[in-house]
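Visitor: For reference, the file coords-v8.tsv (TSV, C-alpha atoms) is included below:
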chain	number	residue	atom	x	y	z
A	1	MET	CA	18.55	-9.80	3.63
A	2	THR	CA	20.63	-9.27	0.50
A	3	GLY	CA	20.72	-6.78	-2.34
A	4	ILE	CA	18.77	-3.55	-2.50
A	5	GLN	CA	15.36	-3.64	-0.89
A	6	PRO	CA	12.58	-1.05	-1.31
A	7	SER	CA	11.24	0.32	1.96
A	8	LEU	CA	7.84	2.03	2.11
A	9	TRP	CA	6.75	4.54	4.78
A	10	PHE	CA	2.99	4.55	5.29
A	11	HIS	CA	1.08	6.92	7.52
A	12	ASP	CA	-0.86	4.25	9.42
A	13	ASN	CA	-2.03	1.61	6.94
A	14	ALA	CA	1.07	-0.50	6.16
A	15	GLU	CA	-0.65	-3.77	7.06
A	16	GLU	CA	-3.62	-2.97	4.80
A	17	ALA	CA	-1.20	-2.15	1.97
A	18	MET	CA	0.80	-5.35	2.46
A	19	ASN	CA	-2.37	-7.43	2.32
A	20	PHE	CA	-3.60	-5.59	-0.78
A	21	TYR	CA	-0.31	-6.03	-2.65
A	22	VAL	CA	0.24	-9.71	-1.78
A	23	ASP	CA	-3.30	-10.49	-2.94
A	24	LEU	CA	-2.65	-8.71	-6.25
A	25	PHE	CA	0.79	-9.95	-7.31
A	26	PRO	CA	1.76	-13.59	-7.93
A	27	ASP	CA	4.52	-15.23	-5.88
A	28	SER	CA	3.77	-12.84	-3.00
A	29	HIS	CA	3.42	-13.19	0.75
A	30	ILE	CA	3.85	-11.39	4.06
A	31	ASP	CA	7.09	-12.55	5.66
A	32	SER	CA	6.80	-10.91	9.08
A	33	ILE	CA	5.26	-8.05	11.02
A	34	GLU	CA	6.78	-6.47	14.11
A	35	ARG	CA	4.40	-4.13	15.89
A	36	TYR	CA	4.91	-0.99	17.94
A	37	PRO	CA	4.82	-1.77	21.65
A	38	ASP	CA	2.27	-0.33	24.03
A	39	GLU	CA	2.56	3.46	23.88
A	40	SER	CA	2.84	3.66	27.66
A	41	LEU	CA	6.39	2.30	27.27
A	42	ASN	CA	7.63	5.24	25.20
A	43	GLU	CA	6.15	8.66	24.48
A	44	HIS	CA	7.41	8.44	20.87
A	45	PHE	CA	4.95	5.60	20.23
A	46	GLU	CA	1.88	7.68	21.08
A	47	GLY	CA	-1.03	6.54	18.93
A	48	MET	CA	1.04	3.80	17.25
A	49	SER	CA	0.40	0.87	19.60
A	50	GLY	CA	-0.19	-2.25	17.49
A	51	LYS	CA	0.72	-0.55	14.19
A	52	VAL	CA	3.51	-1.87	11.94
A	53	LEU	CA	6.95	-0.98	13.24
A	54	ASN	CA	8.68	-3.21	10.69
A	55	GLY	CA	6.87	-5.21	8.03
A	56	ARG	CA	8.56	-7.54	5.59
A	57	PHE	CA	6.78	-8.81	2.50
A	58	THR	CA	7.58	-10.26	-0.90
A	59	LEU	CA	5.89	-9.13	-4.13
A	60	ASN	CA	6.44	-11.27	-7.20
A	61	GLY	CA	9.72	-12.48	-5.72
A	62	VAL	CA	10.98	-8.99	-4.68
A	63	GLN	CA	11.44	-8.35	-0.96
A	64	PHE	CA	10.07	-5.12	0.53
A	65	THR	CA	10.03	-3.61	3.99
A	66	CYS	CA	7.53	-1.11	5.33
A	67	LEU	CA	6.40	0.70	8.44
A	68	ASP	CA	3.70	2.93	9.82
A	69	GLY	CA	5.59	6.13	10.50
A	70	GLY	CA	2.89	8.77	10.69
A	71	PRO	CA	2.26	11.67	8.30
A	72	VAL	CA	5.81	13.07	8.32
A	73	TYR	CA	6.65	11.70	4.84
A	74	THR	CA	4.42	10.93	1.86
A	75	PHE	CA	4.88	9.15	-1.43
A	76	THR	CA	5.54	11.13	-4.61
A	77	GLU	CA	5.84	10.25	-8.29
A	78	ALA	CA	9.61	10.71	-7.93
A	79	VAL	CA	9.72	7.01	-7.05
A	80	SER	CA	7.59	4.39	-8.77
A	81	PHE	CA	7.49	0.63	-9.27
A	82	THR	CA	7.46	-0.73	-12.82
A	83	VAL	CA	5.28	-3.73	-13.63
A	84	PRO	CA	6.19	-5.22	-17.04
A	85	CYS	CA	3.10	-7.00	-18.39
A	86	ALA	CA	2.92	-9.85	-20.90
A	87	ASP	CA	-0.23	-8.62	-22.67
A	88	GLN	CA	-3.15	-6.18	-22.61
A	89	ALA	CA	-5.19	-8.36	-20.25
A	90	GLU	CA	-2.43	-8.19	-17.65
A	91	ILE	CA	-2.11	-4.40	-18.11
A	92	ASP	CA	-5.88	-4.06	-17.67
A	93	ARG	CA	-5.91	-6.24	-14.53
A	94	TYR	CA	-3.13	-4.32	-12.76
A	95	TRP	CA	-4.49	-0.97	-13.91
A	96	GLN	CA	-7.94	-1.72	-12.56
A	97	ALA	CA	-6.52	-2.76	-9.19
A	98	LEU	CA	-3.91	-0.02	-8.79
A	99	SER	CA	-5.29	3.11	-10.44
A	100	ALA	CA	-7.03	5.18	-7.77
A	101	VAL	CA	-6.01	8.75	-8.64
A	102	PRO	CA	-7.08	9.61	-12.24
A	103	ASP	CA	-5.26	12.98	-12.12
A	104	ALA	CA	-1.96	11.10	-11.67
A	105	GLU	CA	-2.40	8.91	-14.77
A	106	GLN	CA	-0.19	9.41	-17.80
A	107	CYS	CA	1.87	7.20	-20.12
A	108	GLY	CA	1.18	4.04	-18.12
A	109	TRP	CA	1.79	5.66	-14.72
A	110	CYS	CA	-0.86	5.45	-12.02
A	111	LYS	CA	-1.12	6.00	-8.30
A	112	ASP	CA	-2.78	3.53	-5.94
A	113	LYS	CA	-5.05	4.19	-2.96
A	114	PHE	CA	-2.01	4.36	-0.66
A	115	GLY	CA	-0.29	7.03	-2.79
A	116	VAL	CA	2.33	4.68	-4.29
A	117	SER	CA	3.11	5.28	-7.98
A	118	TRP	CA	3.25	2.42	-10.47
A	119	GLN	CA	4.26	2.11	-14.12
A	120	ILE	CA	2.06	-0.52	-15.74
A	121	ILE	CA	3.76	-1.17	-19.07
A	122	PRO	CA	4.02	-3.84	-21.75
A	123	ALA	CA	7.13	-5.97	-21.26
A	124	ASN	CA	8.03	-5.20	-24.88
A	125	LEU	CA	7.55	-1.42	-24.60
A	126	GLY	CA	10.91	-0.71	-26.26
A	127	GLU	CA	9.90	-2.75	-29.29
A	128	LEU	CA	6.52	-0.99	-29.47
A	129	MET	CA	8.16	2.45	-29.38
A	130	SER	CA	9.37	2.13	-32.97
A	131	GLY	CA	8.95	5.70	-34.09
A	132	PRO	CA	7.61	9.19	-33.48
A	133	GLY	CA	4.01	8.03	-34.04
A	134	ALA	CA	4.27	5.56	-31.16
A	135	ILE	CA	5.88	8.15	-28.91
A	136	GLN	CA	3.08	10.63	-29.71
A	137	ALA	CA	0.47	7.95	-29.03
A	138	LEU	CA	2.08	7.02	-25.70
A	139	MET	CA	2.17	10.65	-24.57
A	140	GLY	CA	-1.60	10.88	-25.07
A	141	MET	CA	-2.43	7.72	-23.12
A	142	GLN	CA	-3.26	7.17	-19.52
A	143	LYS	CA	-3.45	3.37	-19.40
A	144	ILE	CA	-1.30	1.93	-22.19
A	145	CYS	CA	-3.15	0.29	-25.07
A	146	ILE	CA	-0.80	-2.09	-26.88
A	147	ALA	CA	-2.93	-2.19	-30.06
A	148	ASP	CA	-2.92	1.62	-30.32
A	149	LEU	CA	0.87	1.78	-29.80
A	150	ARG	CA	1.40	-0.91	-32.42
A	151	ALA	CA	-0.89	0.89	-34.89
A	152	ALA	CA	0.81	4.23	-34.26
A	153	GLY	CA	4.24	2.66	-34.74
A	154	ASP	CA	3.15	1.08	-38.02
A	155	ALA	CA	1.69	4.34	-39.38
A	156	GLN	CA	3.69	6.09	-42.07
A	157	PRO	CA	4.73	9.70	-41.34
A	158	GLY	CA	2.02	12.09	-42.48
A	159	SER	CA	-0.67	9.38	-42.62
A	160	GLU	CA	-2.11	10.15	-39.20
Could you write out this file's structure as structure tokens?

Guide:
Amino acid sequence: MTGIQPSLWFHDNAEEAMNFYVDLFPDSHIDSIERYPDESLNEHFEGMSGKVLNGRFTLNGVQFTCLDGGPVYTFTEAVSFTVPCADQAEIDRYWQALSAVPDAEQCGWCKDKFGVSWQIIPANLGELMSGPGAIQALMGMQKICIADLRAAGDAQPGSE
């Protein structure tokens, strides 16, 4: 293990999440799963027998770890994963798969069915944000529409 590696704490569905993510992202696979031992061996493992104690998986070449840790901690929007997309079709594909909480959607951010936040953005977002019109357009979007950002950036001030 080298570098910085994201680690995700799931209540009790880490294996389901790993399978979902590796099916969605290219160049992805589950590397290993270590499971909690039989709960009779330790009172701290009550209800966790067979769940993921330490999962290792790779998403699009990035290594992650995860575990089933119970409901003590939950995901928040304070941490998200950014997915730079080549075109609108790729944005649409990831958005359709990951967006599960409409109330959490804004400016390309969405939350998946596990509570993890994602930023589904065009790879050239900086180029598309060429002026106040584009910034205004972005602030009004849930899923990013590249054509609308481009049009807003091309608009002359006062012509909207």

Visitor: Counting all atoms listed in the file, which residue out of A:Asn60, A:Ser80, A:Gln88, A:Ser130 sits closest to His29 of chain A?

Guide: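 The closest residue to His29 of chain A is A:Asn60.
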
Visitor: Using all atoms listed in the file, find the one residue out of A:Ile33, A:Ala14, A:Met129, A:Ile121 that sits nearest to Arg150 of chain A.

Guide: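 Going through A:Ile33, A:Ala14, A:Met129, A:Ile121 one by one, the smallest distance to Arg150 of chain A is for A:Met129.
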
Visitor: Calculated over all atoms listed in the file, which of the candidates A:Ile146, A:Lys113, A:Val22, A:Ala89 has the smallest distance to Gly126 of chain A?

Guide: A:Ile146

Visitor: Please measure the separation of atom CA of Ala17 of chain A and atom CA of Leu125 of chain A, giving the value in Å to one decimal.

Guide: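 It comes out at 28.0 Å.
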
Visitor: Pick the closest to Val79 of chain A from A:Ile144, A:Cys107, A:Leu8, A:Leu128: which is it, counting all atoms listed in the file?

Guide: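 Using all atoms listed in the file, Val79 of chain A sits closest to A:Leu8.
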
Visitor: Calculated over all atoms listed in the file, which of the candidates A:Asn124, A:Gln5, A:Asn19, A:Ser99 has the smallest distance to Asp87 of chain A?

Guide: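 Using all atoms listed in the file, the shortest distance to Asp87 of chain A belongs to A:Asn124.
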
Visitor: Show which residues sit within 9 Å of Asp154 of chain A, as a list in words. Count all atoms listed in the file, and ignore same-chain residues fewer than 3 positions away.

Guide: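 Everything that qualifies: Ser130, Gly131, Gly133, Ala134, Leu149, Arg150 and Ala151 of chain A.
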
Visitor: With distances taken over all atoms listed in the file, which of A:Leu53, A:Ala123, A:Ala97, A:Ala147 is nearest to Val83 of chain A?

Guide: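 Of the candidates, the smallest distance to Val83 of chain A is held by A:Ala123.
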